[in-house]
$ cat target07.cif   # mmCIF, C-alpha atoms
data_my_file
#
loop_
_atom_site.label_atom_id
_atom_site.label_comp_id
_atom_site.auth_asym_id
_atom_site.auth_seq_id
_atom_site.Cartn_x
_atom_site.Cartn_y
_atom_site.Cartn_z
CA MET F 324 0.00 0.00 0.00
CA ILE F 325 2.78 2.42 0.95
CA ARG F 326 4.65 1.52 -2.23
CA LEU F 327 1.57 2.18 -4.32
CA PHE F 328 1.02 5.54 -2.64
CA SER F 329 4.62 6.63 -3.28
CA ILE F 330 4.24 5.68 -6.94
CA LEU F 331 1.11 7.81 -7.17
CA ILE F 332 2.87 10.77 -5.59
CA ALA F 333 5.75 10.41 -8.05
CA ALA F 334 3.29 10.31 -10.92
CA ILE F 335 1.66 13.53 -9.70
CA TRP F 336 5.02 15.28 -9.50
CA MET F 337 6.04 14.10 -12.96
CA SER F 338 2.73 15.07 -14.54
CA GLY F 339 3.41 18.81 -14.13
CA CYS F 340 5.00 19.21 -17.58
CA ALA F 341 8.46 18.89 -16.04
CA LEU F 342 10.18 19.17 -19.42
CA THR F 343 8.53 22.48 -20.36
CA VAL F 344 10.10 25.80 -19.30
CA ASP F 345 7.88 27.70 -16.87
CA LYS F 346 7.68 31.48 -17.22
CA ILE F 347 6.51 33.41 -14.18
CA ASP F 348 6.24 37.05 -13.14
CA ILE F 349 7.64 37.96 -9.72
CA PRO F 350 6.13 41.23 -8.49
CA TYR F 351 6.85 43.04 -5.25
CA GLU F 352 3.95 42.43 -2.91
CA GLY F 353 5.31 43.89 0.31
CA LYS F 354 3.52 46.43 2.47
CA ALA F 355 4.31 50.12 2.24
CA ASN F 356 5.79 51.74 5.32
CA ILE F 357 3.44 54.05 7.16
CA SER F 358 6.04 55.52 9.53
CA VAL F 359 7.69 58.56 7.99
CA VAL F 360 11.36 59.18 8.84
CA LYS F 361 11.86 62.62 10.35
CA GLY F 362 13.78 64.88 8.00
CA ALA F 363 13.40 62.54 5.01
CA GLU F 364 11.32 65.10 3.11
CA LYS F 365 14.47 67.22 2.71
CA VAL F 366 16.52 64.42 1.13
CA TYR F 367 16.53 63.63 -2.59
CA ILE F 368 17.66 60.19 -3.72
CA LYS F 369 18.08 58.26 -6.94
CA VAL F 370 17.66 54.47 -6.87
CA GLU F 371 19.32 52.22 -9.46
CA GLY F 372 19.32 48.45 -9.82
CA PHE F 373 22.21 46.21 -10.90
CA ASP F 374 22.25 42.50 -11.65
CA LYS F 375 25.39 41.15 -9.95
CA ARG F 376 24.47 37.46 -9.96
CA SER F 377 27.40 35.19 -10.82
CA VAL F 378 25.22 32.07 -11.20
CA TYR F 379 21.64 31.37 -12.30
CA LYS F 380 21.32 34.66 -14.20
CA ASP F 381 19.14 32.91 -16.76
CA ARG F 382 16.59 31.47 -14.32
CA VAL F 383 15.09 31.70 -10.84
CA GLY F 384 14.63 27.99 -10.29
CA THR F 385 14.43 24.54 -11.84
CA LYS F 386 11.50 22.16 -11.89
CA LYS F 387 11.98 18.69 -10.43
CA ASN F 388 10.28 15.38 -10.88
CA GLY F 389 9.07 13.10 -8.09
CA TYR F 390 12.53 11.63 -7.65
CA GLY F 391 14.21 14.99 -7.08
CA MET F 392 15.80 15.13 -10.53
CA GLU F 393 16.15 18.60 -12.05
CA MET F 394 14.11 19.13 -15.18
CA ALA F 395 13.20 22.32 -17.10
CA SER F 396 14.08 25.83 -16.00
CA ILE F 397 11.83 28.37 -14.30
CA VAL F 398 12.46 31.84 -15.68
CA SER F 399 11.17 35.26 -14.72
CA THR F 400 9.31 37.37 -17.25
CA ASN F 401 10.27 40.58 -15.44
CA ASP F 402 13.72 42.05 -14.81
CA ILE F 403 14.40 40.96 -11.20
CA SER F 404 17.11 43.56 -10.51
CA LYS F 405 14.80 46.31 -11.79
CA THR F 406 11.90 45.01 -9.71
CA PHE F 407 14.04 45.03 -6.57
CA ALA F 408 15.20 48.59 -7.31
CA GLU F 409 11.62 49.74 -7.85
CA ALA F 410 10.55 48.04 -4.62
CA VAL F 411 13.31 49.76 -2.62
CA GLU F 412 12.44 53.09 -4.22
CA PHE F 413 8.75 52.55 -3.41
CA GLU F 414 9.49 51.87 0.26
CA LEU F 415 11.96 54.75 0.66
CA GLU F 416 9.48 57.14 -0.91
CA ASN F 417 6.84 55.96 1.54
CA LEU F 418 9.30 56.68 4.33
CA GLY F 419 9.31 60.28 3.17
CA PHE F 420 12.42 60.48 0.98
CA LYS F 421 12.14 62.42 -2.27
CA ILE F 422 12.86 60.65 -5.54
CA GLY F 423 14.92 62.47 -8.17
CA GLY F 424 17.20 65.46 -8.20
CA SER F 425 20.95 65.36 -7.76
CA GLY F 426 21.02 63.97 -4.26
CA LYS F 427 22.31 60.69 -2.91
CA ARG F 428 22.49 57.59 -5.07
CA VAL F 429 21.15 54.27 -3.78
CA GLU F 430 22.52 51.26 -5.64
CA VAL F 431 20.55 48.01 -5.33
CA GLY F 432 22.76 45.07 -6.27
CA LEU F 433 21.09 41.71 -6.90
CA VAL F 434 23.55 39.01 -5.79
CA ARG F 435 21.31 35.96 -5.36
CA PHE F 436 17.64 35.14 -5.92
CA TYR F 437 16.63 31.52 -6.41
CA ASN F 438 14.09 28.89 -5.50
CA ASP F 439 15.03 25.29 -4.76
CA PHE F 440 12.55 22.48 -4.31
CA LYS F 441 12.99 20.07 -1.43
CA ILE F 442 11.35 16.75 -2.22
CA GLY F 443 9.75 14.82 0.64
CA PHE F 444 8.09 11.42 0.82
CA PHE F 445 4.51 12.66 0.78
CA ALA F 446 5.00 16.31 -0.23
CA GLY F 447 7.69 18.87 -0.87
CA ASP F 448 8.66 22.46 -0.13
CA ALA F 449 9.50 25.43 -2.34
CA VAL F 450 12.41 27.18 -0.61
CA ALA F 451 13.38 30.61 -1.97
CA ASP F 452 16.10 32.92 -0.75
CA GLY F 453 17.98 35.97 -1.94
CA LEU F 454 20.77 38.42 -1.19
CA ILE F 455 20.78 42.15 -1.98
CA ASN F 456 23.63 44.62 -1.52
CA ILE F 457 22.70 48.24 -0.83
CA SER F 458 25.24 51.02 -1.38
CA VAL F 459 24.66 54.72 -0.78
CA LYS F 460 26.87 57.32 -2.43
CA ASP F 461 26.82 61.10 -2.13
CA ASN F 462 26.48 63.33 -5.19
CA ASN F 463 30.26 63.22 -5.64
CA GLY F 464 30.26 59.43 -5.85
CA LYS F 465 31.74 58.89 -2.39
CA LEU F 466 30.56 55.70 -0.68
CA ILE F 467 28.91 56.51 2.65
CA PHE F 468 26.99 53.27 3.37
CA SER F 469 27.10 49.63 2.33
CA ARG F 470 25.26 46.60 3.68
CA SER F 471 23.97 43.18 2.57
CA TYR F 472 20.46 41.92 3.25
CA GLU F 473 19.31 38.31 3.12
CA GLY F 474 15.78 36.94 3.23
CA GLY F 475 13.76 33.90 2.32
CA PHE F 476 10.39 32.22 2.25
CA ILE F 477 9.13 28.62 2.31
CA GLU F 478 5.95 27.44 0.62
CA GLY F 479 5.40 24.09 2.28
CA ASN F 480 3.46 20.92 1.59
CA ILE F 481 3.35 21.28 -2.19
CA GLN F 482 2.64 18.49 -4.65
CA LEU F 483 4.18 19.98 -7.79
CA ALA F 484 7.70 21.36 -8.14
CA THR F 485 6.68 23.84 -10.83
CA GLY F 486 6.75 27.56 -11.52
CA SER F 487 3.49 28.39 -9.77
CA ASN F 488 4.77 27.17 -6.41
CA ALA F 489 8.23 28.67 -6.98
CA ARG F 490 6.52 32.00 -7.65
CA ILE F 491 4.82 32.01 -4.24
CA ALA F 492 8.13 31.38 -2.46
CA LEU F 493 10.05 33.94 -4.53
CA VAL F 494 7.43 36.66 -4.01
CA GLY F 495 7.63 35.99 -0.28
CA ALA F 496 11.44 36.09 -0.32
CA MET F 497 11.45 39.43 -2.14
CA ALA F 498 9.06 40.94 0.41
CA SER F 499 11.25 39.63 3.24
CA ILE F 500 14.43 41.21 1.84
CA VAL F 501 12.91 44.56 0.91
CA GLY F 502 11.22 44.74 4.32
CA LYS F 503 14.60 44.44 6.05
CA ILE F 504 16.03 47.18 3.84
CA ALA F 505 13.11 49.52 4.48
CA HIS F 506 13.30 49.09 8.25
CA ASP F 507 17.08 49.52 8.57
CA LYS F 508 17.61 52.63 10.70
CA ASP F 509 21.30 52.72 9.80
CA LEU F 510 20.30 53.12 6.16
CA HIS F 511 17.89 55.91 7.13
CA ALA F 512 20.70 57.66 9.02
CA ALA F 513 23.07 57.40 6.05
CA LEU F 514 20.47 58.93 3.75
CA LEU F 515 19.88 61.78 6.22
CA VAL F 516 23.55 62.75 6.54
CA LYS F 517 24.07 66.25 5.21
CA LYS F 518 26.73 67.00 2.60
CA SER F 519 28.55 69.39 4.92
CA SER F 520 28.95 66.76 7.61
CA LEU F 521 30.31 64.27 5.08
CA ASN F 522 33.17 66.59 4.17
CA ARG F 523 33.79 68.00 7.62
CA LYS F 524 37.33 67.53 8.95
CA VAL F 525 37.91 66.64 12.56
CA PRO F 526 39.56 69.68 14.25
CA LYS F 527 42.79 69.18 16.14
CA SER F 528 42.69 69.75 19.86
CA LYS F 529 44.55 72.85 21.09
CA ASN F 530 45.78 70.87 24.06
CA ALA F 531 47.10 67.98 22.00
CA PRO F 532 50.69 67.08 22.92
CA VAL F 533 53.36 68.21 20.48
CA LYS F 534 55.41 65.38 19.00
CA ARG F 535 59.13 66.06 19.19
CA ALA F 536 61.82 64.44 17.14
CA VAL F 537 63.84 61.88 19.07
CA PRO F 538 67.62 62.50 18.60
CA ASN F 539 69.68 59.61 17.34
CA SER F 540 71.80 58.02 20.02
#
$ encode --input "target07.cif" --output "structure tokens"
Amino acid sequence: MIRLFSILIAAIWMSGCALTVDKIDIPYEGKANISVVKGAEKVYIKVEGFDKRSVYKDRVGTKKNGYGMEMASIVSTNDISKTFAEAVEFELENLGFKIGGSGKRVEVGLVRFYNDFKIGFFAGDAVADGLINISVKDNNGKLIFSRSYEGGFIEGNIQLATGSNARIALVGAMASIVGKIAHDKDLHAALLVKKSSLNRKVPKSKNAPVKRAVPNS
């Protein structure tokens, strides 16, 4: 009986057109921030996205059959790096920052974004995760902030390792990552830093000891 059931499960997994490429859209479905950052209305920013993936640039996942064997690719119909950049811009604007002008530049670097299916005996999981690098530069191109953000999402108890289930996990992973970026107070602080304070030199103390040359013995 158990053997028969496992055969049926395998048949279900394999019936999902495993040899056909799945094309999915992956939109940002996170929630806009409702807490405005004090002083953000005075700061202009420009957000740009960059695809820095070294692997899996051509897909966001791979379908699998009931035995865990990789089959056809799962590809995104939208530009993932652009979608991440637009999501970050959306959240920063909702925090009160102004978009445009010649202010600070926020670079959104897509390093990793992929879904992997974990095959179980009775069901499987769609496990998506990603990594985004955020860099902030002043209007002279000087780097003033840099940080990496990871996030993921698991769509559990699935019966088909196909694009539709990968999409759910990937949408969740994107929301997780962008949420961490939007709530990072260190990022807010970097965006709020004024130009004058970036270029300010630390004054020398009047009471600082004077260094004297030591005579050779």
$ atom_distance --input "target07.cif" --atom1 "CA of Ile481 in chain F" --atom2 "CA of Ala451 in chain F"
13.7 Å
$ resolve_selection --input "target07.cif" --expression "the PyMOL selection byres ((chain F and resi 452-463) around 6)" --output "list of chain:residue names"
F:Gly426, F:Lys427, F:Arg428, F:Val429, F:Glu430, F:Val431, F:Gly432, F:Leu433, F:Val434, F:Arg435, F:Phe436, F:Tyr437, F:Ala451, F:Gly464, F:Lys465, F:Leu466, F:Ile467, F:Phe468, F:Ser469, F:Arg470, F:Ser471, F:Tyr472, F:Glu473, F:Gly474, F:Gly475, F:Ala496
$ write_last_selection --input "target07.cif" --atoms "C-alpha atoms" --output "PDB file, keeping the file's coordinate frame"
ATOM      1  CA  GLY F 426      21.020  63.970  -4.260  1.00  0.00           C
ATOM      2  CA  LYS F 427      22.310  60.690  -2.910  1.00  0.00           C
ATOM      3  CA  ARG F 428      22.490  57.590  -5.070  1.00  0.00           C
ATOM      4  CA  VAL F 429      21.150  54.270  -3.780  1.00  0.00           C
ATOM      5  CA  GLU F 430      22.520  51.260  -5.640  1.00  0.00           C
ATOM      6  CA  VAL F 431      20.550  48.010  -5.330  1.00  0.00           C
ATOM      7  CA  GLY F 432      22.760  45.070  -6.270  1.00  0.00           C
ATOM      8  CA  LEU F 433      21.090  41.710  -6.900  1.00  0.00           C
ATOM      9  CA  VAL F 434      23.550  39.010  -5.790  1.00  0.00           C
ATOM     10  CA  ARG F 435      21.310  35.960  -5.360  1.00  0.00           C
ATOM     11  CA  PHE F 436      17.640  35.140  -5.920  1.00  0.00           C
ATOM     12  CA  TYR F 437      16.630  31.520  -6.410  1.00  0.00           C
ATOM     13  CA  ALA F 451      13.380  30.610  -1.970  1.00  0.00           C
ATOM     14  CA  GLY F 464      30.260  59.430  -5.850  1.00  0.00           C
ATOM     15  CA  LYS F 465      31.740  58.890  -2.390  1.00  0.00           C
ATOM     16  CA  LEU F 466      30.560  55.700  -0.680  1.00  0.00           C
ATOM     17  CA  ILE F 467      28.910  56.510   2.650  1.00  0.00           C
ATOM     18  CA  PHE F 468      26.990  53.270   3.370  1.00  0.00           C
ATOM     19  CA  SER F 469      27.100  49.630   2.330  1.00  0.00           C
ATOM     20  CA  ARG F 470      25.260  46.600   3.680  1.00  0.00           C
ATOM     21  CA  SER F 471      23.970  43.180   2.570  1.00  0.00           C
ATOM     22  CA  TYR F 472      20.460  41.920   3.250  1.00  0.00           C
ATOM     23  CA  GLU F 473      19.310  38.310   3.120  1.00  0.00           C
ATOM     24  CA  GLY F 474      15.780  36.940   3.230  1.00  0.00           C
ATOM     25  CA  GLY F 475      13.760  33.900   2.320  1.00  0.00           C
ATOM     26  CA  ALA F 496      11.440  36.090  -0.320  1.00  0.00           C
TER      27      ALA F 496
END
$ residues_around --input "target07.cif" --residues "Gly443 in chain F" --least-positions-apart "2" --cutoff "12 Å" --atoms "all atoms listed in the file" --output "compact mmCIF listing (two decimals) with C-alpha atoms, in the coordinates of the input"
# COMPACT_ATOMS: atom_id res chain seq x y z
CA SER F 329 4.62 6.63 -3.28
CA ILE F 332 2.87 10.77 -5.59
CA ALA F 333 5.75 10.41 -8.05
CA TRP F 336 5.02 15.28 -9.50
CA LYS F 387 11.98 18.69 -10.43
CA ASN F 388 10.28 15.38 -10.88
CA GLY F 389 9.07 13.10 -8.09
CA TYR F 390 12.53 11.63 -7.65
CA GLY F 391 14.21 14.99 -7.08
CA PHE F 440 12.55 22.48 -4.31
CA LYS F 441 12.99 20.07 -1.43
CA PHE F 445 4.51 12.66 0.78
CA ALA F 446 5.00 16.31 -0.23
CA GLY F 447 7.69 18.87 -0.87
CA ASP F 448 8.66 22.46 -0.13
CA ALA F 449 9.50 25.43 -2.34
CA GLY F 479 5.40 24.09 2.28
CA ASN F 480 3.46 20.92 1.59
CA ILE F 481 3.35 21.28 -2.19
CA GLN F 482 2.64 18.49 -4.65
CA LEU F 483 4.18 19.98 -7.79
CA ALA F 484 7.70 21.36 -8.14
$ residues_around --input "target07.cif" --residues "range 491-493 of chain F" --least-positions-apart "5" --cutoff "6 Å" --atoms "only C-alpha atoms" --output "ChimeraX atom specification"
/F:451,476-478
$ residues_around --input "target07.cif" --residues "range 346-359 of chain F" --least-positions-apart "3" --cutoff "9 Å" --atoms "only C-alpha atoms" --output "ChimeraX atom specification"
/F:362-364,396-403,406-407,409-410,413-415,417-420,486-487,489-491,493-495,497-499,501-502,505-506
$ resolve_selection --input "target07.cif" --expression "the PyMOL selection byres ((chain F and resi 386) around 6)" --output "mmCIF file with C-alpha atoms, in the frame of the given file"
data_model
loop_
_atom_site.group_PDB
_atom_site.id
_atom_site.type_symbol
_atom_site.label_atom_id
_atom_site.label_comp_id
_atom_site.auth_asym_id
_atom_site.auth_seq_id
_atom_site.Cartn_x
_atom_site.Cartn_y
_atom_site.Cartn_z
ATOM 1 C CA THR F 385 14.430 24.540 -11.840
ATOM 2 C CA LYS F 387 11.980 18.690 -10.430
ATOM 3 C CA GLU F 393 16.150 18.600 -12.050
ATOM 4 C CA MET F 394 14.110 19.130 -15.180
ATOM 5 C CA ALA F 395 13.200 22.320 -17.100
ATOM 6 C CA ALA F 484 7.700 21.360 -8.140
ATOM 7 C CA THR F 485 6.680 23.840 -10.830
#
$ closest_residue --input "target07.cif" --among "F:Gly424, F:Val370, F:Val411, F:Asp439" --to "Asp507 in chain F" --atoms "only C-alpha atoms"
F:Val411
$ atom_distance --input "target07.cif" --atom1 "CA of Val450 in chain F" --atom2 "CA of Lys380 in chain F"
17.9 Å
$ atom_distance --input "target07.cif" --atom1 "CA of Phe444 in chain F" --atom2 "CA of Val383 in chain F"
24.4 Å
$ closest_residue --input "target07.cif" --among "F:Ile504, F:Asn438, F:Leu515, F:Asn488" --to "Arg382 in chain F" --atoms "all atoms listed in the file"
F:Asn438
$ decode --input "target07.cif" --residues "range 375-509 of chain F" --atoms "C-alpha atoms" --output "compact mmCIF listing (two decimals), in the first residue's frame"
# COMPACT_ATOMS: atom_id res chain seq x y z
CA LYS F 375 25.39 41.15 -9.95
CA ARG F 376 24.47 37.46 -9.96
CA SER F 377 27.40 35.19 -10.82
CA VAL F 378 25.22 32.07 -11.20
CA TYR F 379 21.64 31.37 -12.30
CA LYS F 380 21.32 34.66 -14.20
CA ASP F 381 19.14 32.91 -16.76
CA ARG F 382 16.59 31.47 -14.32
CA VAL F 383 15.09 31.70 -10.84
CA GLY F 384 14.63 27.99 -10.29
CA THR F 385 14.43 24.54 -11.84
CA LYS F 386 11.50 22.16 -11.89
CA LYS F 387 11.98 18.69 -10.43
CA ASN F 388 10.28 15.38 -10.88
CA GLY F 389 9.07 13.10 -8.09
CA TYR F 390 12.53 11.63 -7.65
CA GLY F 391 14.21 14.99 -7.08
CA MET F 392 15.80 15.13 -10.53
CA GLU F 393 16.15 18.60 -12.05
CA MET F 394 14.11 19.13 -15.18
CA ALA F 395 13.20 22.32 -17.10
CA SER F 396 14.08 25.83 -16.00
CA ILE F 397 11.83 28.37 -14.30
CA VAL F 398 12.46 31.84 -15.68
CA SER F 399 11.17 35.26 -14.72
CA THR F 400 9.31 37.37 -17.25
CA ASN F 401 10.27 40.58 -15.44
CA ASP F 402 13.72 42.05 -14.81
CA ILE F 403 14.40 40.96 -11.20
CA SER F 404 17.11 43.56 -10.51
CA LYS F 405 14.80 46.31 -11.79
CA THR F 406 11.90 45.01 -9.71
CA PHE F 407 14.04 45.03 -6.57
CA ALA F 408 15.20 48.59 -7.31
CA GLU F 409 11.62 49.74 -7.85
CA ALA F 410 10.55 48.04 -4.62
CA VAL F 411 13.31 49.76 -2.62
CA GLU F 412 12.44 53.09 -4.22
CA PHE F 413 8.75 52.55 -3.41
CA GLU F 414 9.49 51.87 0.26
CA LEU F 415 11.96 54.75 0.66
CA GLU F 416 9.48 57.14 -0.91
CA ASN F 417 6.84 55.96 1.54
CA LEU F 418 9.30 56.68 4.33
CA GLY F 419 9.31 60.28 3.17
CA PHE F 420 12.42 60.48 0.98
CA LYS F 421 12.14 62.42 -2.27
CA ILE F 422 12.86 60.65 -5.54
CA GLY F 423 14.92 62.47 -8.17
CA GLY F 424 17.20 65.46 -8.20
CA SER F 425 20.95 65.36 -7.76
CA GLY F 426 21.02 63.97 -4.26
CA LYS F 427 22.31 60.69 -2.91
CA ARG F 428 22.49 57.59 -5.07
CA VAL F 429 21.15 54.27 -3.78
CA GLU F 430 22.52 51.26 -5.64
CA VAL F 431 20.55 48.01 -5.33
CA GLY F 432 22.76 45.07 -6.27
CA LEU F 433 21.09 41.71 -6.90
CA VAL F 434 23.55 39.01 -5.79
CA ARG F 435 21.31 35.96 -5.36
CA PHE F 436 17.64 35.14 -5.92
CA TYR F 437 16.63 31.52 -6.41
CA ASN F 438 14.09 28.89 -5.50
CA ASP F 439 15.03 25.29 -4.76
CA PHE F 440 12.55 22.48 -4.31
CA LYS F 441 12.99 20.07 -1.43
CA ILE F 442 11.35 16.75 -2.22
CA GLY F 443 9.75 14.82 0.64
CA PHE F 444 8.09 11.42 0.82
CA PHE F 445 4.51 12.66 0.78
CA ALA F 446 5.00 16.31 -0.23
CA GLY F 447 7.69 18.87 -0.87
CA ASP F 448 8.66 22.46 -0.13
CA ALA F 449 9.50 25.43 -2.34
CA VAL F 450 12.41 27.18 -0.61
CA ALA F 451 13.38 30.61 -1.97
CA ASP F 452 16.10 32.92 -0.75
CA GLY F 453 17.98 35.97 -1.94
CA LEU F 454 20.77 38.42 -1.19
CA ILE F 455 20.78 42.15 -1.98
CA ASN F 456 23.63 44.62 -1.52
CA ILE F 457 22.70 48.24 -0.83
CA SER F 458 25.24 51.02 -1.38
CA VAL F 459 24.66 54.72 -0.78
CA LYS F 460 26.87 57.32 -2.43
CA ASP F 461 26.82 61.10 -2.13
CA ASN F 462 26.48 63.33 -5.19
CA ASN F 463 30.26 63.22 -5.64
CA GLY F 464 30.26 59.43 -5.85
CA LYS F 465 31.74 58.89 -2.39
CA LEU F 466 30.56 55.70 -0.68
CA ILE F 467 28.91 56.51 2.65
CA PHE F 468 26.99 53.27 3.37
CA SER F 469 27.10 49.63 2.33
CA ARG F 470 25.26 46.60 3.68
CA SER F 471 23.97 43.18 2.57
CA TYR F 472 20.46 41.92 3.25
CA GLU F 473 19.31 38.31 3.12
CA GLY F 474 15.78 36.94 3.23
CA GLY F 475 13.76 33.90 2.32
CA PHE F 476 10.39 32.22 2.25
CA ILE F 477 9.13 28.62 2.31
CA GLU F 478 5.95 27.44 0.62
CA GLY F 479 5.40 24.09 2.28
CA ASN F 480 3.46 20.92 1.59
CA ILE F 481 3.35 21.28 -2.19
CA GLN F 482 2.64 18.49 -4.65
CA LEU F 483 4.18 19.98 -7.79
CA ALA F 484 7.70 21.36 -8.14
CA THR F 485 6.68 23.84 -10.83
CA GLY F 486 6.75 27.56 -11.52
CA SER F 487 3.49 28.39 -9.77
CA ASN F 488 4.77 27.17 -6.41
CA ALA F 489 8.23 28.67 -6.98
CA ARG F 490 6.52 32.00 -7.65
CA ILE F 491 4.82 32.01 -4.24
CA ALA F 492 8.13 31.38 -2.46
CA LEU F 493 10.05 33.94 -4.53
CA VAL F 494 7.43 36.66 -4.01
CA GLY F 495 7.63 35.99 -0.28
CA ALA F 496 11.44 36.09 -0.32
CA MET F 497 11.45 39.43 -2.14
CA ALA F 498 9.06 40.94 0.41
CA SER F 499 11.25 39.63 3.24
CA ILE F 500 14.43 41.21 1.84
CA VAL F 501 12.91 44.56 0.91
CA GLY F 502 11.22 44.74 4.32
CA LYS F 503 14.60 44.44 6.05
CA ILE F 504 16.03 47.18 3.84
CA ALA F 505 13.11 49.52 4.48
CA HIS F 506 13.30 49.09 8.25
CA ASP F 507 17.08 49.52 8.57
CA LYS F 508 17.61 52.63 10.70
CA ASP F 509 21.30 52.72 9.80
